[in-house]
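**Q** File name structure-v1.tsv; file contents TSV, C-alpha atoms and all ligand atoms; full text below.
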```
chain	number	residue	atom	x	y	z
A	113	MET	CA	0.00	0.00	0.00
A	114	THR	CA	1.24	3.53	-0.77
A	115	HIS	CA	-0.23	6.46	1.16
A	116	HIS	CA	-3.38	6.12	3.27
A	117	ARG	CA	-6.01	8.73	2.66
A	118	ASP	CA	-7.96	9.99	5.60
A	119	ILE	CA	-11.05	7.83	5.53
A	120	ASP	CA	-12.85	9.80	8.23
A	121	ALA	CA	-13.06	12.85	5.98
A	122	GLY	CA	-16.84	12.62	5.43
A	123	PRO	CA	-18.94	12.64	2.31
A	124	PRO	CA	-16.28	11.76	-0.29
A	125	ASP	CA	-15.69	8.45	1.47
A	126	GLU	CA	-19.39	7.72	1.50
A	127	TYR	CA	-19.26	8.01	-2.28
A	128	VAL	CA	-16.35	5.58	-2.31
A	129	GLU	CA	-18.38	3.17	-0.21
A	130	ALA	CA	-21.31	3.51	-2.59
A	131	GLU	CA	-19.04	2.97	-5.59
A	132	ILE	CA	-17.46	-0.12	-4.05
A	133	GLN	CA	-20.89	-1.54	-3.22
A	134	ARG	CA	-21.98	-1.06	-6.81
A	135	LEU	CA	-18.72	-2.43	-8.19
A	136	LEU	CA	-19.26	-5.61	-6.16
A	137	VAL	CA	-22.63	-6.13	-7.81
A	138	GLU	CA	-22.14	-4.71	-11.29
A	139	ASP	CA	-18.58	-5.86	-12.10
A	140	PRO	CA	-19.15	-9.13	-14.00
A	141	ALA	CA	-16.02	-10.55	-12.36
A	142	VAL	CA	-17.69	-10.19	-8.96
A	143	ALA	CA	-21.53	-10.01	-9.23
A	144	GLU	CA	-22.04	-10.34	-5.47
A	145	GLN	CA	-25.05	-8.70	-3.79
A	146	GLY	CA	-24.33	-10.10	-0.35
A	147	ILE	CA	-21.08	-8.30	0.51
A	148	THR	CA	-21.21	-5.55	3.13
A	149	VAL	CA	-18.76	-2.64	3.12
A	150	VAL	CA	-18.04	-1.38	6.64
A	151	ARG	CA	-15.94	1.72	7.39
A	152	ARG	CA	-13.52	1.05	10.25
A	153	GLU	CA	-10.94	3.41	11.69
A	154	ARG	CA	-8.06	2.39	9.46
A	155	ALA	CA	-9.67	0.72	6.47
A	156	LEU	CA	-12.80	-0.33	4.68
A	157	VAL	CA	-13.61	-3.92	5.64
A	158	LEU	CA	-15.56	-6.25	3.36
A	159	TYR	CA	-17.80	-8.82	5.06
A	160	GLY	CA	-19.92	-11.59	3.59
A	161	GLU	CA	-20.01	-15.13	2.29
A	162	VAL	CA	-19.10	-16.40	-1.18
A	163	GLU	CA	-19.18	-19.77	-2.93
A	164	SER	CA	-15.44	-20.26	-3.61
A	165	PRO	CA	-11.96	-19.11	-2.48
A	166	HIS	CA	-11.39	-17.86	-6.02
A	167	ARG	CA	-14.31	-15.43	-5.71
A	168	ARG	CA	-13.02	-14.13	-2.40
A	169	GLU	CA	-9.62	-13.34	-3.95
A	170	GLU	CA	-11.20	-11.82	-7.03
A	171	ILE	CA	-13.26	-9.40	-4.90
A	172	LEU	CA	-10.22	-8.01	-3.13
A	173	ARG	CA	-8.24	-7.85	-6.38
A	174	ARG	CA	-10.94	-5.92	-8.26
A	175	VAL	CA	-11.58	-3.47	-5.43
A	176	SER	CA	-7.88	-2.67	-4.87
A	177	GLU	CA	-7.38	-2.32	-8.63
A	178	ARG	CA	-10.17	0.23	-8.92
A	179	PHE	CA	-9.38	2.11	-5.67
A	180	PRO	CA	-5.60	1.77	-5.24
A	181	ASP	CA	-5.48	4.56	-2.62
A	182	VAL	CA	-8.18	3.16	-0.34
A	183	PRO	CA	-6.99	0.70	2.29
A	184	VAL	CA	-9.30	-2.29	2.07
A	185	THR	CA	-9.22	-5.53	4.01
A	186	SER	CA	-11.62	-8.45	3.74
A	187	ASP	CA	-13.17	-10.90	6.17
A	188	ILE	CA	-15.13	-12.90	3.63
A	189	GLY	CA	-15.96	-16.55	4.26
A	190	VAL	CA	-16.49	-19.46	1.88
A	191	ILE	CA	-19.86	-21.11	2.57
A	192	ARG	CA	-19.77	-24.72	3.74
A	193	ALA	CA	-21.55	-27.22	1.46
A	194	GLN	CA	-21.77	-30.37	3.55
A	195	ALA	CA	-24.95	-32.46	3.96
A	196	PRO	CA	-27.14	-31.37	6.89
A	197	THR	CA	-26.84	-33.23	10.17
A	198	GLU	CA	-30.32	-32.32	11.39
A	199	ILE	CA	-33.79	-32.05	9.89
A	200	GLU	CA	-36.59	-29.68	10.86
A	201	GLN	CA	-39.96	-31.21	11.73
A	202	LEU	CA	-42.95	-29.11	10.68
A	203	PRO	CA	-46.14	-30.63	12.07
B	421	MET	CA	-48.62	-38.32	6.15
B	422	VAL	CA	-45.10	-36.91	6.03
B	423	ILE	CA	-43.35	-35.47	3.00
B	424	ARG	CA	-39.62	-34.84	3.14
B	425	ILE	CA	-38.51	-31.65	1.40
B	426	ALA	CA	-34.88	-30.65	0.80
B	427	ALA	CA	-34.24	-27.06	-0.28
B	428	VAL	CA	-31.46	-24.58	-1.02
B	429	GLY	CA	-31.27	-21.29	-2.90
B	430	ASP	CA	-28.63	-18.88	-4.14
B	431	VAL	CA	-26.00	-21.46	-5.04
B	432	HIS	CA	-24.69	-19.02	-7.71
B	433	LEU	CA	-22.93	-21.69	-9.73
B	434	ASP	CA	-20.08	-21.22	-12.17
B	435	GLU	CA	-17.15	-23.45	-13.08
B	436	ASP	CA	-15.34	-22.66	-9.82
B	437	VAL	CA	-18.15	-24.20	-7.73
B	438	VAL	CA	-18.96	-27.36	-9.72
B	439	GLY	CA	-18.48	-30.45	-7.56
B	440	ARG	CA	-18.78	-28.71	-4.17
B	441	PHE	CA	-22.43	-29.70	-3.62
B	442	ARG	CA	-22.36	-33.08	-5.31
B	443	PRO	CA	-21.23	-35.32	-2.42
B	444	ALA	CA	-24.07	-34.00	-0.23
B	445	LEU	CA	-26.54	-34.23	-3.12
B	446	GLU	CA	-25.76	-37.93	-3.58
B	447	GLU	CA	-27.17	-38.50	-0.06
B	448	LEU	CA	-30.56	-36.95	-0.97
B	449	PRO	CA	-32.52	-40.16	-1.69
B	450	GLU	CA	-31.95	-41.25	1.92
B	451	CYS	CA	-33.36	-38.07	3.45
B	452	ALA	CA	-35.72	-36.34	1.00
B	453	ASP	CA	-38.52	-36.92	-1.53
B	454	VAL	CA	-37.74	-33.79	-3.54
B	455	LEU	CA	-35.13	-31.03	-3.86
B	456	LEU	CA	-36.36	-27.45	-4.25
B	457	LEU	CA	-34.01	-24.76	-5.62
B	458	ALA	CA	-35.05	-21.21	-4.67
B	459	GLY	CA	-33.44	-19.31	-7.58
B	460	ASP	CA	-30.11	-17.56	-8.20
B	461	LEU	CA	-28.73	-20.81	-9.52
B	462	THR	CA	-26.09	-18.90	-11.49
B	463	ARG	CA	-23.96	-15.74	-11.16
B	464	HIS	CA	-24.97	-13.99	-14.39
B	465	GLY	CA	-27.62	-16.22	-15.98
B	466	THR	CA	-25.52	-17.39	-18.92
B	467	GLU	CA	-26.09	-20.63	-20.80
B	468	ALA	CA	-22.57	-21.77	-19.79
B	469	GLU	CA	-23.36	-21.24	-16.09
B	470	ALA	CA	-26.67	-23.08	-16.54
B	471	ARG	CA	-24.67	-26.06	-17.83
B	472	CYS	CA	-22.74	-25.99	-14.53
B	473	VAL	CA	-26.09	-26.12	-12.69
B	474	ALA	CA	-27.21	-29.01	-14.90
B	475	GLU	CA	-23.98	-30.88	-14.13
B	476	GLU	CA	-24.25	-30.29	-10.36
B	477	PHE	CA	-28.03	-30.75	-9.87
B	478	GLY	CA	-28.94	-32.98	-12.83
B	479	GLY	CA	-29.27	-36.77	-12.76
B	480	LEU	CA	-30.14	-36.94	-9.05
B	481	ALA	CA	-32.25	-39.78	-7.68
B	482	VAL	CA	-34.93	-37.32	-6.44
B	483	PRO	CA	-36.96	-34.86	-8.54
B	484	VAL	CA	-35.51	-31.34	-8.66
B	485	VAL	CA	-37.88	-28.34	-8.93
B	486	THR	CA	-36.66	-24.75	-9.29
B	487	VAL	CA	-37.58	-21.13	-9.86
B	488	LEU	CA	-35.12	-18.64	-11.34
B	489	GLY	CA	-33.67	-15.69	-9.42
B	490	ASN	CA	-32.66	-12.17	-10.40
B	491	HIS	CA	-29.07	-13.29	-11.13
B	492	ASP	CA	-30.43	-15.85	-13.59
B	493	HIS	CA	-31.92	-12.93	-15.56
B	494	GLN	CA	-28.76	-10.79	-15.71
B	495	CYS	CA	-27.59	-11.75	-19.23
B	496	ASP	CA	-31.08	-11.94	-20.79
B	497	GLN	CA	-30.63	-15.60	-21.69
B	498	VAL	CA	-33.61	-16.93	-19.73
B	499	PRO	CA	-34.95	-19.20	-22.52
B	500	GLN	CA	-31.52	-20.80	-23.03
B	501	VAL	CA	-31.01	-21.21	-19.26
B	502	VAL	CA	-34.44	-22.83	-18.86
B	503	LYS	CA	-33.77	-25.19	-21.76
B	504	VAL	CA	-30.42	-26.36	-20.35
B	505	LEU	CA	-32.06	-26.99	-16.95
B	506	GLU	CA	-35.07	-28.81	-18.42
B	507	ASP	CA	-32.80	-30.96	-20.61
B	508	ALA	CA	-31.11	-32.03	-17.37
B	509	GLY	CA	-34.48	-33.12	-15.96
B	510	ILE	CA	-34.96	-30.10	-13.68
B	511	THR	CA	-38.52	-28.70	-13.52
B	512	VAL	CA	-38.50	-24.89	-13.87
B	513	LEU	CA	-41.57	-23.11	-12.46
B	514	GLU	CA	-42.71	-19.58	-13.27
B	515	GLY	CA	-46.35	-18.90	-12.50
B	516	ASN	CA	-47.27	-22.57	-12.66
B	517	GLY	CA	-47.06	-25.70	-10.54
B	518	VAL	CA	-46.29	-29.38	-10.50
B	519	VAL	CA	-47.66	-32.31	-8.48
B	520	LEU	CA	-45.26	-35.07	-7.44
B	521	ASP	CA	-46.26	-38.50	-6.15
B	522	CYS	CA	-44.29	-39.02	-2.95
B	523	ALA	CA	-44.42	-41.93	-0.50
B	524	GLY	CA	-46.32	-39.70	1.96
B	525	GLY	CA	-48.83	-38.33	-0.56
B	526	ARG	CA	-49.17	-35.96	-3.52
B	527	LEU	CA	-46.96	-32.89	-3.11
B	528	GLY	CA	-48.03	-29.82	-5.04
B	529	ILE	CA	-45.41	-27.12	-5.66
B	530	ALA	CA	-46.28	-23.73	-7.15
B	531	GLY	CA	-43.48	-21.32	-8.01
B	532	VAL	CA	-42.62	-17.84	-9.25
B	533	LYS	CA	-39.46	-15.76	-9.07
B	534	GLY	CA	-41.45	-12.97	-7.43
B	535	PHE	CA	-40.20	-9.38	-7.16
B	536	GLY	CA	-39.64	-6.51	-4.71
B	537	GLY	CA	-41.95	-3.77	-3.50
B	538	GLY	CA	-41.75	-4.00	0.27
B	539	PHE	CA	-44.04	-4.93	3.11
B	540	ALA	CA	-47.32	-3.68	4.55
B	541	GLY	CA	-47.16	-0.02	5.49
B	542	ARG	CA	-43.70	0.45	3.98
B	543	CYS	CA	-44.17	-0.52	0.38
B	544	ALA	CA	-44.18	0.94	-3.11
B	545	SER	CA	-47.54	1.94	-4.65
B	546	ASP	CA	-48.97	1.60	-8.13
B	547	PHE	CA	-48.90	5.37	-8.65
B	548	GLY	CA	-46.94	8.11	-10.40
B	549	GLU	CA	-44.28	7.64	-13.05
B	550	PRO	CA	-44.59	4.78	-15.53
B	551	GLU	CA	-41.34	3.28	-14.16
B	552	MET	CA	-42.82	3.11	-10.65
B	553	LYS	CA	-46.09	1.64	-11.87
B	554	ALA	CA	-44.21	-0.94	-13.96
B	555	PHE	CA	-42.18	-1.93	-10.88
B	556	VAL	CA	-45.24	-2.44	-8.68
B	557	ARG	CA	-47.27	-4.13	-11.43
B	558	THR	CA	-44.44	-6.63	-11.97
B	559	THR	CA	-44.82	-7.65	-8.33
B	560	THR	CA	-48.61	-7.74	-8.44
B	561	ASP	CA	-48.62	-9.87	-11.61
B	562	SER	CA	-46.13	-12.26	-10.12
B	563	ALA	CA	-48.09	-12.62	-6.88
B	564	ASP	CA	-51.36	-13.08	-8.80
B	565	ARG	CA	-49.80	-15.88	-10.85
B	566	LEU	CA	-48.44	-17.54	-7.69
B	567	GLY	CA	-51.85	-17.41	-5.99
B	568	ALA	CA	-53.63	-18.83	-9.05
B	569	ALA	CA	-51.05	-21.63	-9.39
B	570	LEU	CA	-51.35	-22.53	-5.69
B	571	ARG	CA	-55.14	-22.64	-5.84
B	572	SER	CA	-55.14	-24.74	-9.02
B	573	LEU	CA	-53.15	-27.72	-7.71
B	574	ASP	CA	-54.93	-30.93	-6.73
B	575	CYS	CA	-52.71	-32.46	-4.06
B	576	ASP	CA	-52.40	-33.54	-0.41
B	577	MET	CA	-49.79	-30.96	0.55
B	578	LEU	CA	-49.05	-27.56	-0.94
B	579	VAL	CA	-45.68	-25.76	-1.02
B	580	ALA	CA	-44.89	-22.30	-2.43
B	581	LEU	CA	-41.46	-21.74	-3.99
B	582	THR	CA	-40.18	-18.21	-4.70
B	583	HIS	CA	-36.89	-16.38	-4.99
B	584	TYR	CA	-38.02	-13.10	-3.39
B	585	SER	CA	-39.34	-13.19	0.16
B	586	PRO	CA	-43.06	-13.17	1.00
B	587	VAL	CA	-42.47	-11.85	4.55
B	588	PRO	CA	-40.10	-9.45	6.34
B	589	ASP	CA	-39.39	-11.97	9.15
B	590	THR	CA	-36.81	-13.92	7.16
B	591	LEU	CA	-34.98	-10.72	6.15
B	592	ALA	CA	-33.82	-9.95	9.70
B	593	GLY	CA	-30.10	-9.23	9.40
B	594	GLU	CA	-30.45	-7.30	6.13
B	595	PRO	CA	-30.42	-3.48	6.24
B	596	LEU	CA	-34.02	-2.23	6.65
B	597	GLU	CA	-33.43	0.22	3.79
B	598	ILE	CA	-33.21	-2.58	1.22
B	599	TYR	CA	-36.26	-4.62	2.33
B	600	PRO	CA	-38.30	-3.29	-0.63
B	601	PHE	CA	-35.74	-4.90	-2.97
B	602	LEU	CA	-35.86	-8.23	-1.16
B	603	GLY	CA	-39.52	-9.13	-1.30
B	604	SER	CA	-43.11	-8.05	-1.12
B	605	TYR	CA	-46.17	-8.64	1.01
B	606	GLN	CA	-48.24	-9.51	-2.08
B	607	LEU	CA	-46.38	-12.82	-2.31
B	608	GLY	CA	-47.42	-13.55	1.28
B	609	GLN	CA	-50.99	-12.65	0.43
B	610	ALA	CA	-50.91	-15.11	-2.50
B	611	ILE	CA	-49.52	-17.85	-0.24
B	612	ASP	CA	-52.28	-17.17	2.31
B	613	SER	CA	-54.95	-17.41	-0.42
B	614	ALA	CA	-54.46	-21.21	-0.54
B	615	PRO	CA	-54.02	-23.95	2.11
B	616	THR	CA	-50.21	-23.70	1.81
B	617	ALA	CA	-48.20	-25.82	4.25
B	618	LEU	CA	-44.77	-24.27	3.67
B	619	ALA	CA	-43.24	-21.37	1.73
B	620	VAL	CA	-39.58	-21.51	0.71
B	621	HIS	CA	-37.53	-18.61	-0.67
B	622	GLY	CA	-33.97	-17.33	-1.13
B	623	HIS	CA	-32.43	-14.00	-2.24
B	624	ALA	CA	-31.77	-12.53	1.23
B	625	HIS	CA	-28.18	-13.68	1.75
B	626	ALA	CA	-27.89	-11.92	5.11
B	627	GLY	CA	-31.38	-12.79	6.33
B	628	THR	CA	-32.56	-15.46	8.78
B	629	GLU	CA	-34.12	-18.88	8.38
B	630	ARG	CA	-37.59	-18.74	9.93
B	631	GLY	CA	-40.72	-16.67	9.54
B	632	THR	CA	-44.50	-16.89	9.23
B	633	THR	CA	-47.02	-15.23	6.91
B	634	PRO	CA	-49.83	-13.17	8.48
B	635	GLY	CA	-52.07	-16.18	7.73
B	636	GLY	CA	-49.80	-18.52	9.73
B	637	VAL	CA	-47.93	-20.31	6.93
B	638	ARG	CA	-44.35	-21.28	7.85
B	639	VAL	CA	-41.74	-19.48	5.72
B	640	ARG	CA	-38.13	-20.63	5.36
B	641	ASN	CA	-35.26	-18.63	3.82
B	642	VAL	CA	-33.00	-21.31	2.36
B	643	ALA	CA	-30.39	-19.02	0.75
B	644	HIS	CA	-27.11	-20.94	0.90
B	645	PRO	CA	-25.28	-18.19	2.85
B	646	VAL	CA	-28.09	-18.34	5.44
B	647	ILE	CA	-28.34	-22.12	5.94
B	648	LYS	CA	-24.56	-22.69	5.53
B	649	GLN	CA	-24.98	-26.30	4.40
B	650	ALA	CA	-25.69	-27.98	1.06
B	651	TYR	CA	-29.48	-27.96	1.70
B	652	SER	CA	-31.97	-27.96	4.55
B	653	VAL	CA	-34.44	-30.82	5.07
B	654	PHE	CA	-38.00	-30.26	6.29
B	655	HIS	CA	-40.34	-33.08	7.28
B	656	VAL	CA	-43.80	-31.67	6.72
B	657	GLY	CA	-46.93	-33.50	7.78
B	658	ASP	CA	-49.45	-34.30	10.45
B	659	GLN	CA	-48.13	-37.65	11.71
B	660	LEU	CA	-44.58	-36.94	12.77
B	661	ASP	CA	-42.86	-38.99	15.46
B	662	THR	CA	-45.14	-38.31	18.41
B	663	ASP	CA	-42.26	-37.55	20.78
B	664	GLN	CA	-41.14	-34.73	18.45
B	665	VAL	CA	-44.52	-33.01	18.42
B	666	SER	CA	-45.51	-30.77	21.28
B	667	PRO	CA	-49.01	-31.60	22.55
B	668	ILE	CA	-51.46	-29.14	21.02
B	669	GLY	CA	-55.27	-29.19	20.92
B	670	GLN	CA	-56.69	-32.57	19.86
B	671	SER	CA	-58.59	-31.05	16.96
B	672	GLY	CA	-55.36	-29.53	15.60
B	673	SER	CA	-53.59	-32.85	15.20
B	674	GLN	CA	-56.45	-34.24	13.07
B	675	ARG	CA	-56.22	-31.54	10.43
B	676	SER	CA	-55.50	-32.74	6.90
B	677	TRP	CA	-53.35	-30.74	4.50
B	678	SER	CA	-55.64	-30.76	1.49
A	701	FE	FE	-28.57	-14.64	-4.49
A	702	FE	FE	-31.25	-12.91	-5.67
```
Give the structure from this file in structure tokens form.

**A**
Amino acid sequence: MTHHRDIDAGPPDEYVEAEIQRLLVEDPAVAEQGITVVRRERALVLYGEVESPHRREEILRRVSERFPDVPVTSDIGVIRAQAPTEIEQLP
Amino acid sequence: MVIRIAAVGDVHLDEDVVGRFRPALEELPECADVLLLAGDLTRHGTEAEARCVAEEFGGLAVPVVTVLGNHDHQCDQVPQVVKVLEDAGITVLEGNGVVLDCAGGRLGIAGVKGFGGGFAGRCASDFGEPEMKAFVRTTTDSADRLGAALRSLDCDMLVALTHYSPVPDTLAGEPLEIYPFLGSYQLGQAIDSAPTALAVHGHAHAGTERGTTPGGVRVRNVAHPVIKQAYSVFHVGDQLDTDQVSPIGQSGSQRSWS
């Protein structure tokens, strides 16, 4: 990372958040509607769940490519796909 | 009579996911009579992604019934996507229904993708600009077709399958501001217009599993990021293992699902 911009500066960063949120949905390489962008003290943090490790890496790559000056970290999980161990009874 | 229903939504398949669900899917015949897919099968709704869905969810030993989601519409290839799925033996519902003969009785499933609009007291109205009216009328049409399909099925147990949510309950965890994009109360109204036993939906990746329509129909959000397993299994019926059923009024336990 090069220089950190002040991310507590107000409205301009809200626009960045909005742009990142739209990038996550509208960029065909990402197309995720379930990722949340949260502004923390030192960086924007991406939260959510995706279907593969490849998608998680791609999200971070595309966001840092488009916003090289914004410090972004991610805490995105890959959703488990094992068979259920319990059933739900609905009388 | 008990019918065993497996369900998952929002699997968002592409090449990078093929094979992840399959081991769990192979176990389906032991635990379910049918698999319901609640839309968003793909990332962008391309024919190539639909082939991934066909590979992952085709050729299973239980019938597979699906609706499409908003992602499956992204590339405007809906007819091609539907054809690939149907060629793989998957039943695709949109404003219609299907009746399956299960060991526990005839299961009727009616499905639509549904649409947004919001929930009672906080919803969009059929008023103003043409764009707004088109938005609301899309929802109303969809709900009308779901209600008609539900009421038309001759079966022992009725299930509604949608992508968008019929109730706000199962959206808990999503920002309130986006509820109108996640579902609409008209879908709930359609579900309540028939003797529906269970309503299953997806779309709300950050929502929660359980809810109820105003008419008392159980609603389950089965979006994969919500259930965090390959599928959920519901045993629906009026003669479950007696030790699993809490004692309610005698008349209640005699009710049939037709
Ligand atoms: Fe989805
Ligand atoms: Fe969706």

**Q** Please, what distance in Å, to one decimal, runs between CA of Leu596 (chain B) and CA of Asp125 (chain A)?

**A**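 Atom-to-atom, CA of Leu596 (chain B) to CA of Asp125 (chain A), that is 21.8 Å.
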
**Q** Excluding Ile199 (chain A) and any residue of its chain fewer than 3 positions from it, enumerate the residues within 9 Å of it, using only C-alpha atoms, and give them as a list in words.

**A**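 The residues that qualify are Pro196 of chain A; Cys451, Ser652, Val653, Phe654 and His655 of chain B.
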
**Q** Please report as a VMD selection string which residues of chain B come no farther than 6 Å from chain A, using only C-alpha atoms.

**A** chain B and resid 441 444 625 648 to 650 653 to 658

**Q** Kindly save the residues from that selection, with C-alpha atoms included, as a PDB file, in the frame of the given file.

**A**
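Listed below is the output, out07.pdb:
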```pdb
ATOM      1  CA  PHE B 441     -22.430 -29.700  -3.620  1.00  0.00           C
ATOM      2  CA  ALA B 444     -24.070 -34.000  -0.230  1.00  0.00           C
ATOM      3  CA  HIS B 625     -28.180 -13.680   1.750  1.00  0.00           C
ATOM      4  CA  LYS B 648     -24.560 -22.690   5.530  1.00  0.00           C
ATOM      5  CA  GLN B 649     -24.980 -26.300   4.400  1.00  0.00           C
ATOM      6  CA  ALA B 650     -25.690 -27.980   1.060  1.00  0.00           C
ATOM      7  CA  VAL B 653     -34.440 -30.820   5.070  1.00  0.00           C
ATOM      8  CA  PHE B 654     -38.000 -30.260   6.290  1.00  0.00           C
ATOM      9  CA  HIS B 655     -40.340 -33.080   7.280  1.00  0.00           C
ATOM     10  CA  VAL B 656     -43.800 -31.670   6.720  1.00  0.00           C
ATOM     11  CA  GLY B 657     -46.930 -33.500   7.780  1.00  0.00           C
ATOM     12  CA  ASP B 658     -49.450 -34.300  10.450  1.00  0.00           C
TER      13      ASP B 658
END
```

**Q** Please identify every polymer residue within 6 Å of ligand FE 701 (chain A), using all atoms listed in the file, and present the set as a PDB file with C-alpha atoms, keeping the file's coordinate frame.

**A**
```pdb
ATOM      1  CA  ASP B 430     -28.630 -18.880  -4.140  1.00  0.00           C
ATOM      2  CA  ASP B 460     -30.110 -17.560  -8.200  1.00  0.00           C
ATOM      3  CA  HIS B 623     -32.430 -14.000  -2.240  1.00  0.00           C
TER       4      HIS B 623
END
```

**Q** Which chain B residues have any atom within 10 Å of an atom of ligand FE 702 (chain A), and for each, what is the nearest pair of atoms with distance in Å to one decimal, counting all atoms listed in the file, rows sorted by chain and number, as CSV?

**A**
```
residue,atom,partner,partner_atom,distance
B:Gly429,CA,A:FE702,FE,8.8
B:Asp430,CA,A:FE702,FE,6.7
B:His432,CA,A:FE702,FE,9.2
B:Ala458,CA,A:FE702,FE,9.2
B:Gly459,CA,A:FE702,FE,7.0
B:Asp460,CA,A:FE702,FE,5.4
B:Leu461,CA,A:FE702,FE,9.1
B:Thr462,CA,A:FE702,FE,9.8
B:Arg463,CA,A:FE702,FE,9.6
B:Leu488,CA,A:FE702,FE,8.9
B:Gly489,CA,A:FE702,FE,5.3
B:Asn490,CA,A:FE702,FE,5.0
B:His491,CA,A:FE702,FE,5.9
B:Asp492,CA,A:FE702,FE,8.5
B:His493,CA,A:FE702,FE,9.9
B:Lys533,CA,A:FE702,FE,9.3
B:Phe535,CA,A:FE702,FE,9.7
B:His583,CA,A:FE702,FE,6.7
B:Tyr584,CA,A:FE702,FE,7.1
B:Ser585,CA,A:FE702,FE,10.0
B:Phe601,CA,A:FE702,FE,9.6
B:Leu602,CA,A:FE702,FE,8.0
B:His621,CA,A:FE702,FE,9.8
B:Gly622,CA,A:FE702,FE,6.9
B:His623,CA,A:FE702,FE,3.8
B:Ala624,CA,A:FE702,FE,6.9
B:His625,CA,A:FE702,FE,8.1
B:Ala643,CA,A:FE702,FE,8.9
```

**Q** To one decimal place, how far is CA of Ser613 (chain B) from CA of Gly567 (chain B) in Å?

**A**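 These two atoms are separated by 6.4 Å.
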
**Q** Find the residue from B:Gln497, B:Gln606, B:Ala626, B:Pro449 that sits nearest to Ala544 (chain B); use only C-alpha atoms when measuring.

**A**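 Looking at the shortest contact to Ala544 (chain B), the residue is B:Gln606.
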
**Q** Interatomic distance between CA of Val454 (chain B) and CA of Pro586 (chain B)?

**A**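 Between these atoms lies a distance of 21.8 Å.
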
**Q** Looking at A:Val150, A:Val128, A:Leu158, A:Leu135, which one is nearest to Val182 (chain A), with distances taken over only C-alpha atoms?

**A**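 Going through A:Val150, A:Val128, A:Leu158, A:Leu135 one by one, the smallest distance to Val182 (chain A) is for A:Val128.
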
**Q** Complete the atom set of region 578-590 of chain B to N, CA and C atoms and return it as a short mmCIF file (atom, residue, chain, number, x, y, z; two decimals), in the coordinates of the input.

**A**
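Final file, result06.cif:
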```cif
data_model
loop_
_atom_site.label_atom_id
_atom_site.label_comp_id
_atom_site.auth_asym_id
_atom_site.auth_seq_id
_atom_site.Cartn_x
_atom_site.Cartn_y
_atom_site.Cartn_z
N LEU B 578 -49.33 -28.65 -0.01
CA LEU B 578 -49.05 -27.56 -0.94
C LEU B 578 -47.84 -26.76 -0.44
N VAL B 579 -46.87 -26.54 -1.36
CA VAL B 579 -45.68 -25.76 -1.02
C VAL B 579 -45.52 -24.64 -2.04
N ALA B 580 -45.15 -23.44 -1.55
CA ALA B 580 -44.89 -22.30 -2.43
C ALA B 580 -43.38 -22.09 -2.52
N LEU B 581 -42.90 -21.92 -3.75
CA LEU B 581 -41.46 -21.74 -3.99
C LEU B 581 -41.24 -20.40 -4.70
N THR B 582 -40.47 -19.52 -4.08
CA THR B 582 -40.18 -18.21 -4.70
C THR B 582 -38.70 -17.89 -4.50
N HIS B 583 -38.24 -16.89 -5.25
CA HIS B 583 -36.89 -16.38 -4.99
C HIS B 583 -36.96 -15.22 -4.00
N TYR B 584 -37.82 -14.25 -4.29
CA TYR B 584 -38.02 -13.10 -3.39
C TYR B 584 -38.84 -13.53 -2.18
N SER B 585 -38.69 -12.80 -1.09
CA SER B 585 -39.34 -13.19 0.16
C SER B 585 -40.79 -12.72 0.24
N PRO B 586 -41.67 -13.57 0.79
CA PRO B 586 -43.06 -13.17 1.00
C PRO B 586 -43.29 -12.46 2.33
N VAL B 587 -42.31 -12.45 3.20
CA VAL B 587 -42.47 -11.85 4.55
C VAL B 587 -41.19 -11.12 4.95
N PRO B 588 -41.32 -10.12 5.86
CA PRO B 588 -40.10 -9.45 6.34
C PRO B 588 -39.35 -10.26 7.40
N ASP B 589 -40.02 -11.22 8.04
CA ASP B 589 -39.39 -11.97 9.15
C ASP B 589 -38.04 -12.56 8.77
N THR B 590 -38.00 -13.19 7.57
CA THR B 590 -36.81 -13.92 7.16
C THR B 590 -35.73 -13.00 6.58
#
```
